file model_28.pdb (PDB, C-alpha atoms and all ligand atoms)
ATOM      1  CA  MET J  17     -39.830 -50.598 -34.729  1.00  0.00           C
ATOM      2  CA  THR J  18     -41.027 -53.201 -32.249  1.00  0.00           C
ATOM      3  CA  ASP J  19     -42.889 -52.315 -29.078  1.00  0.00           C
ATOM      4  CA  ARG J  20     -39.857 -53.441 -27.103  1.00  0.00           C
ATOM      5  CA  GLN J  21     -37.570 -51.126 -29.062  1.00  0.00           C
ATOM      6  CA  LEU J  22     -39.870 -48.137 -28.582  1.00  0.00           C
ATOM      7  CA  ALA J  23     -40.166 -48.850 -24.857  1.00  0.00           C
ATOM      8  CA  ASP J  24     -36.388 -49.154 -24.592  1.00  0.00           C
ATOM      9  CA  MET J  25     -35.977 -45.756 -26.257  1.00  0.00           C
ATOM     10  CA  ALA J  26     -38.233 -44.345 -23.540  1.00  0.00           C
ATOM     11  CA  TYR J  27     -36.248 -46.121 -20.811  1.00  0.00           C
ATOM     12  CA  ASP J  28     -33.049 -44.664 -22.283  1.00  0.00           C
ATOM     13  CA  MET J  29     -34.459 -41.181 -21.654  1.00  0.00           C
ATOM     14  CA  LEU J  30     -34.745 -41.658 -17.890  1.00  0.00           C
ATOM     15  CA  LYS J  31     -31.137 -40.590 -17.481  1.00  0.00           C
ATOM     16  CA  PHE J  32     -31.968 -37.131 -18.853  1.00  0.00           C
ATOM     17  CA  SER J  33     -34.924 -36.466 -16.539  1.00  0.00           C
ATOM     18  CA  TYR J  34     -34.461 -33.356 -14.419  1.00  0.00           C
ATOM     19  CA  VAL J  35     -36.262 -34.276 -11.214  1.00  0.00           C
ATOM     20  CA  PRO J  36     -34.688 -32.519  -8.207  1.00  0.00           C
ATOM     21  CA  TYR J  37     -38.102 -32.085  -6.538  1.00  0.00           C
ATOM     22  CA  SER J  38     -39.955 -35.343  -7.053  1.00  0.00           C
ATOM     23  CA  GLY J  39     -37.065 -37.738  -7.661  1.00  0.00           C
ATOM     24  CA  PHE J  40     -39.471 -39.445 -10.086  1.00  0.00           C
ATOM     25  CA  PRO J  41     -37.945 -39.798 -13.559  1.00  0.00           C
ATOM     26  CA  VAL J  42     -40.181 -40.483 -16.541  1.00  0.00           C
ATOM     27  CA  GLY J  43     -39.156 -41.245 -20.117  1.00  0.00           C
ATOM     28  CA  ALA J  44     -41.211 -41.178 -23.305  1.00  0.00           C
ATOM     29  CA  ALA J  45     -40.846 -41.978 -26.991  1.00  0.00           C
ATOM     30  CA  ILE J  46     -43.488 -41.273 -29.646  1.00  0.00           C
ATOM     31  CA  LEU J  47     -43.453 -43.108 -32.964  1.00  0.00           C
ATOM     32  CA  CYS J  48     -44.615 -41.501 -36.234  1.00  0.00           C
ATOM     33  CA  ALA J  49     -45.955 -43.409 -39.242  1.00  0.00           C
ATOM     34  CA  ASP J  50     -42.751 -42.781 -41.201  1.00  0.00           C
ATOM     35  CA  GLY J  51     -40.706 -44.422 -38.448  1.00  0.00           C
ATOM     36  CA  THR J  52     -39.433 -41.188 -36.920  1.00  0.00           C
ATOM     37  CA  VAL J  53     -39.273 -41.291 -33.128  1.00  0.00           C
ATOM     38  CA  PHE J  54     -39.265 -38.257 -30.837  1.00  0.00           C
ATOM     39  CA  THR J  55     -38.125 -38.827 -27.281  1.00  0.00           C
ATOM     40  CA  GLY J  56     -38.715 -36.884 -24.085  1.00  0.00           C
ATOM     41  CA  CYS J  57     -38.164 -36.810 -20.350  1.00  0.00           C
ATOM     42  CA  ASN J  58     -39.765 -34.862 -17.519  1.00  0.00           C
ATOM     43  CA  ILE J  59     -38.175 -31.525 -16.718  1.00  0.00           C
ATOM     44  CA  GLU J  60     -39.096 -30.006 -13.364  1.00  0.00           C
ATOM     45  CA  ASN J  61     -38.909 -26.433 -12.175  1.00  0.00           C
ATOM     46  CA  ALA J  62     -38.548 -24.602  -8.872  1.00  0.00           C
ATOM     47  CA  ALA J  63     -41.943 -23.101  -9.734  1.00  0.00           C
ATOM     48  CA  TYR J  64     -43.461 -26.589  -9.589  1.00  0.00           C
ATOM     49  CA  GLY J  65     -46.344 -25.875 -11.950  1.00  0.00           C
ATOM     50  CA  SER J  66     -43.913 -25.073 -14.735  1.00  0.00           C
ATOM     51  CA  THR J  67     -42.812 -28.711 -14.849  1.00  0.00           C
ATOM     52  CA  ILE J  68     -43.293 -30.489 -18.166  1.00  0.00           C
ATOM     53  CA  CYS J  69     -44.004 -34.211 -18.306  1.00  0.00           C
ATOM     54  CA  ALA J  70     -42.005 -36.619 -20.448  1.00  0.00           C
ATOM     55  CA  GLU J  71     -44.863 -37.323 -22.881  1.00  0.00           C
ATOM     56  CA  ARG J  72     -45.527 -33.666 -23.495  1.00  0.00           C
ATOM     57  CA  THR J  73     -41.818 -33.043 -24.044  1.00  0.00           C
ATOM     58  CA  ALA J  74     -41.817 -35.731 -26.739  1.00  0.00           C
ATOM     59  CA  LEU J  75     -45.057 -34.431 -28.250  1.00  0.00           C
ATOM     60  CA  VAL J  76     -43.995 -30.791 -28.456  1.00  0.00           C
ATOM     61  CA  LYS J  77     -40.697 -31.817 -29.986  1.00  0.00           C
ATOM     62  CA  ALA J  78     -42.603 -33.716 -32.668  1.00  0.00           C
ATOM     63  CA  VAL J  79     -45.218 -31.039 -33.384  1.00  0.00           C
ATOM     64  CA  SER J  80     -42.551 -28.340 -33.539  1.00  0.00           C
ATOM     65  CA  GLU J  81     -40.762 -30.422 -36.174  1.00  0.00           C
ATOM     66  CA  GLY J  82     -43.839 -30.621 -38.390  1.00  0.00           C
ATOM     67  CA  HIS J  83     -45.494 -33.854 -37.209  1.00  0.00           C
ATOM     68  CA  ARG J  84     -49.182 -33.555 -36.404  1.00  0.00           C
ATOM     69  CA  ASP J  85     -51.405 -36.279 -37.677  1.00  0.00           C
ATOM     70  CA  ASP J  86     -49.135 -39.294 -38.039  1.00  0.00           C
ATOM     71  CA  PHE J  87     -48.587 -40.484 -34.485  1.00  0.00           C
ATOM     72  CA  VAL J  88     -48.879 -44.234 -34.094  1.00  0.00           C
ATOM     73  CA  ARG J  89     -47.693 -45.237 -30.635  1.00  0.00           C
ATOM     74  CA  ILE J  90     -46.132 -43.737 -27.520  1.00  0.00           C
ATOM     75  CA  ALA J  91     -44.119 -45.369 -24.774  1.00  0.00           C
ATOM     76  CA  VAL J  92     -44.280 -43.833 -21.288  1.00  0.00           C
ATOM     77  CA  VAL J  93     -42.082 -45.408 -18.655  1.00  0.00           C
ATOM     78  CA  GLY J  94     -40.830 -44.839 -15.142  1.00  0.00           C
ATOM     79  CA  GLU J  95     -38.804 -46.435 -12.410  1.00  0.00           C
ATOM     80  CA  SER J  96     -41.897 -46.955 -10.331  1.00  0.00           C
ATOM     81  CA  GLU J  97     -43.278 -50.166  -8.870  1.00  0.00           C
ATOM     82  CA  ASP J  98     -46.586 -49.570 -10.617  1.00  0.00           C
ATOM     83  CA  TYR J  99     -46.968 -48.734 -14.285  1.00  0.00           C
ATOM     84  CA  CYS J 100     -46.213 -45.077 -14.990  1.00  0.00           C
ATOM     85  CA  TRP J 101     -49.680 -44.048 -16.111  1.00  0.00           C
ATOM     86  CA  PRO J 102     -49.816 -40.845 -18.158  1.00  0.00           C
ATOM     87  CA  CYS J 103     -51.324 -37.929 -16.277  1.00  0.00           C
ATOM     88  CA  GLY J 104     -54.583 -36.286 -17.311  1.00  0.00           C
ATOM     89  CA  ALA J 105     -52.935 -33.249 -18.867  1.00  0.00           C
ATOM     90  CA  CYS J 106     -50.762 -35.452 -21.091  1.00  0.00           C
ATOM     91  CA  ARG J 107     -53.707 -37.617 -22.131  1.00  0.00           C
ATOM     92  CA  GLN J 108     -55.612 -34.503 -23.119  1.00  0.00           C
ATOM     93  CA  MET J 109     -52.765 -32.964 -25.071  1.00  0.00           C
ATOM     94  CA  LEU J 110     -52.017 -36.200 -26.931  1.00  0.00           C
ATOM     95  CA  TYR J 111     -55.725 -36.679 -27.721  1.00  0.00           C
ATOM     96  CA  GLU J 112     -55.693 -33.401 -29.644  1.00  0.00           C
ATOM     97  CA  PHE J 113     -53.328 -34.848 -32.231  1.00  0.00           C
ATOM     98  CA  ALA J 114     -53.812 -38.592 -31.999  1.00  0.00           C
ATOM     99  CA  PRO J 115     -57.152 -39.925 -30.714  1.00  0.00           C
ATOM    100  CA  GLY J 116     -56.196 -43.336 -32.112  1.00  0.00           C
ATOM    101  CA  LEU J 117     -52.827 -43.447 -30.352  1.00  0.00           C
ATOM    102  CA  GLU J 118     -51.593 -46.669 -28.763  1.00  0.00           C
ATOM    103  CA  PHE J 119     -49.796 -46.532 -25.415  1.00  0.00           C
ATOM    104  CA  LEU J 120     -47.018 -48.679 -24.027  1.00  0.00           C
ATOM    105  CA  VAL J 121     -46.891 -47.984 -20.292  1.00  0.00           C
ATOM    106  CA  GLY J 122     -43.911 -49.316 -18.406  1.00  0.00           C
ATOM    107  CA  LYS J 123     -42.540 -49.703 -14.896  1.00  0.00           C
ATOM    108  CA  ALA J 124     -39.236 -50.271 -13.145  1.00  0.00           C
ATOM    109  CA  ASP J 125     -38.787 -53.919 -14.093  1.00  0.00           C
ATOM    110  CA  ARG J 126     -38.990 -52.842 -17.764  1.00  0.00           C
ATOM    111  CA  SER J 127     -42.250 -54.668 -18.368  1.00  0.00           C
ATOM    112  CA  PHE J 128     -45.009 -52.713 -20.101  1.00  0.00           C
ATOM    113  CA  VAL J 129     -48.670 -52.967 -20.974  1.00  0.00           C
ATOM    114  CA  LYS J 130     -50.253 -51.891 -24.255  1.00  0.00           C
ATOM    115  CA  LEU J 131     -53.584 -50.079 -24.445  1.00  0.00           C
ATOM    116  CA  GLY J 132     -55.416 -47.425 -26.406  1.00  0.00           C
ATOM    117  CA  PHE J 133     -57.151 -44.150 -25.848  1.00  0.00           C
ATOM    118  CA  GLU J 134     -60.517 -45.883 -25.615  1.00  0.00           C
ATOM    119  CA  GLU J 135     -59.302 -47.173 -22.251  1.00  0.00           C
ATOM    120  CA  LEU J 136     -57.247 -44.193 -21.091  1.00  0.00           C
ATOM    121  CA  LEU J 137     -59.571 -41.369 -22.131  1.00  0.00           C
ATOM    122  CA  PRO J 138     -63.055 -42.574 -23.029  1.00  0.00           C
ATOM    123  CA  HIS J 139     -65.305 -39.898 -24.522  1.00  0.00           C
ATOM    124  CA  GLY J 140     -62.370 -37.529 -24.812  1.00  0.00           C
ATOM    125  CA  PHE J 141     -62.831 -33.899 -25.751  1.00  0.00           C
ATOM    126  CA  GLY J 142     -61.017 -33.137 -28.988  1.00  0.00           C
ATOM    127  CA  PRO J 143     -61.117 -30.873 -32.032  1.00  0.00           C
ATOM    128  CA  LYS J 144     -64.273 -32.579 -33.352  1.00  0.00           C
ATOM    129  CA  SER J 145     -66.071 -31.775 -30.103  1.00  0.00           C
ATOM    130  CA  LEU J 146     -66.056 -28.123 -31.152  1.00  0.00           C
ATOM    131  CA  ASN J 147     -68.186 -28.787 -34.254  1.00  0.00           C
TER     132      ASN J 147
HETATM  133  N1  LIG F   1     -44.788 -37.084 -14.857  1.00  0.00           N
HETATM  134  C1  LIG F   1     -44.567 -37.310 -16.181  1.00  0.00           C
HETATM  135  O1  LIG F   1     -43.497 -36.996 -16.724  1.00  0.00           O
HETATM  136  N2  LIG F   1     -45.567 -37.878 -16.902  1.00  0.00           N
HETATM  137  C2  LIG F   1     -46.774 -38.224 -16.385  1.00  0.00           C
HETATM  138  O2  LIG F   1     -47.693 -38.531 -17.120  1.00  0.00           O
HETATM  139  C3  LIG F   1     -46.932 -38.289 -14.929  1.00  0.00           C
HETATM  140  C4  LIG F   1     -46.029 -37.387 -14.175  1.00  0.00           C
HETATM  141  C5  LIG F   1     -43.722 -36.448 -14.062  1.00  0.00           C
HETATM  142  C6  LIG F   1     -44.045 -35.033 -13.659  1.00  0.00           C
HETATM  143  C7  LIG F   1     -43.142 -34.875 -12.436  1.00  0.00           C
HETATM  144  O3  LIG F   1     -41.870 -34.458 -12.870  1.00  0.00           O
HETATM  145  C8  LIG F   1     -43.035 -36.276 -11.857  1.00  0.00           C
HETATM  146  O4  LIG F   1     -43.483 -37.152 -12.876  1.00  0.00           O
HETATM  147  C9  LIG F   1     -43.855 -36.500 -10.615  1.00  0.00           C
HETATM  148  O5  LIG F   1     -45.173 -36.119 -10.782  1.00  0.00           O
END
call {"tool": "encode", "arguments": {"input": "model_28.pdb", "output": "structure tokens"}}
result
Amino acid sequence: MTDRQLADMAYDMLKFSYVPYSGFPVGAAILCADGTVFTGCNIENAAYGSTICAERTALVKAVSEGHRDDFVRIAVVGESEDYCWPCGACRQMLYEFAPGLEFLVGKADRSFVKLGFEELLPHGFGPKSLN
């Protein structure tokens, strides 16, 4: 699975985004070590706070199917001018399971940048912090 392919799987999810309130679709695709990919999109709600982001949709799909400690890379993409940076809540939830995760972050022109948690969430609070 190339980075381009994973990003394209995330872009393919934009069509499923349910965004009647923000009009801001986001797509995600998370790659596991065995090559399995779980995809997600953002799903909004009339009670705005009940919205779930695309990355968390992909993550909860994966965890609920038995994947926990084998996440390699995630693509997060939008139709925005700027890169669709993952929000703080998504960074935190992903950090729980994959502090070594790589991110592909994309924008409307289908270009993406690649970076790791050391840049997105330095000194993150995770399970080991509770020791
Ligand atoms: N959104 C995501 O899906 N992922 C993020 O990391 C940033 C924000 C969604 C939530 C909401 O549906 C819309 O983008 C605007 O905030």
call {"tool": "resolve_selection", "arguments": {"input": "model_28.pdb", "expression": "the PyMOL selection byres (((chain J and resi 102) around 10) and not hetatm)", "output": "list in words"}}
result
Val42, Cys69, Ala70, Glu71, Arg72, Ala91, Val92, Val93, Tyr99, Cys100, Trp101, Cys103, Gly104, Ala105, Cys106, Arg107, Gln108, Phe119, Val121 and Leu136 of chain J
call {"tool": "resolve_selection", "arguments": {"input": "model_28.pdb", "expression": "the PyMOL selection byres (((chain J and resi 97) around 12) and not hetatm)", "output": "list in words"}}
result
Phe40, Val93, Gly94, Glu95, Ser96, Asp98, Tyr99, Cys100, Trp101, Gly122, Lys123, Ala124, Asp125, Arg126, Ser127 and Phe128 of chain J
call {"tool": "closest_residue", "arguments": {"input": "model_28.pdb", "among": "J:Val53, J:Met25, J:Asp19, J:Ile68", "to": "ligand LIG 1 (chain F)", "atoms": "all atoms listed in the file"}}
result
J:Ile68
call {"tool": "residues_around", "arguments": {"input": "model_28.pdb", "residues": "J:Gly142", "least_positions_apart": "2", "cutoff": "10 Å", "atoms": "all atoms listed in the file", "output": "PyMOL selection string"}}
result
chain J and resi 108-115+139-140+144-147
call {"tool": "residues_near_point", "arguments": {"input": "model_28.pdb", "point": "(-32.4, -41.6, -20.4)", "cutoff": "12 Å", "atoms": "all atoms listed in the file", "output": "PyMOL selection string"}}
result
chain J and resi 23-34+41-45+55-58+70+93-95
call {"tool": "atom_distance", "arguments": {"input": "model_28.pdb", "atom1": "atom CA of J:Ala78", "atom2": "atom CA of J:Phe54"}}
result
5.9 Å
call {"tool": "axis_aligned_box", "arguments": {"input": "model_28.pdb", "around": "ligand LIG 1 (chain F)", "padding_each_side": "4 Å", "output": "lines of an AutoDock Vina configuration file"}}
result
center_x = -44.8
center_y = -36.5
center_z = -13.9
size_x = 13.8
size_y = 12.1
size_z = 14.5
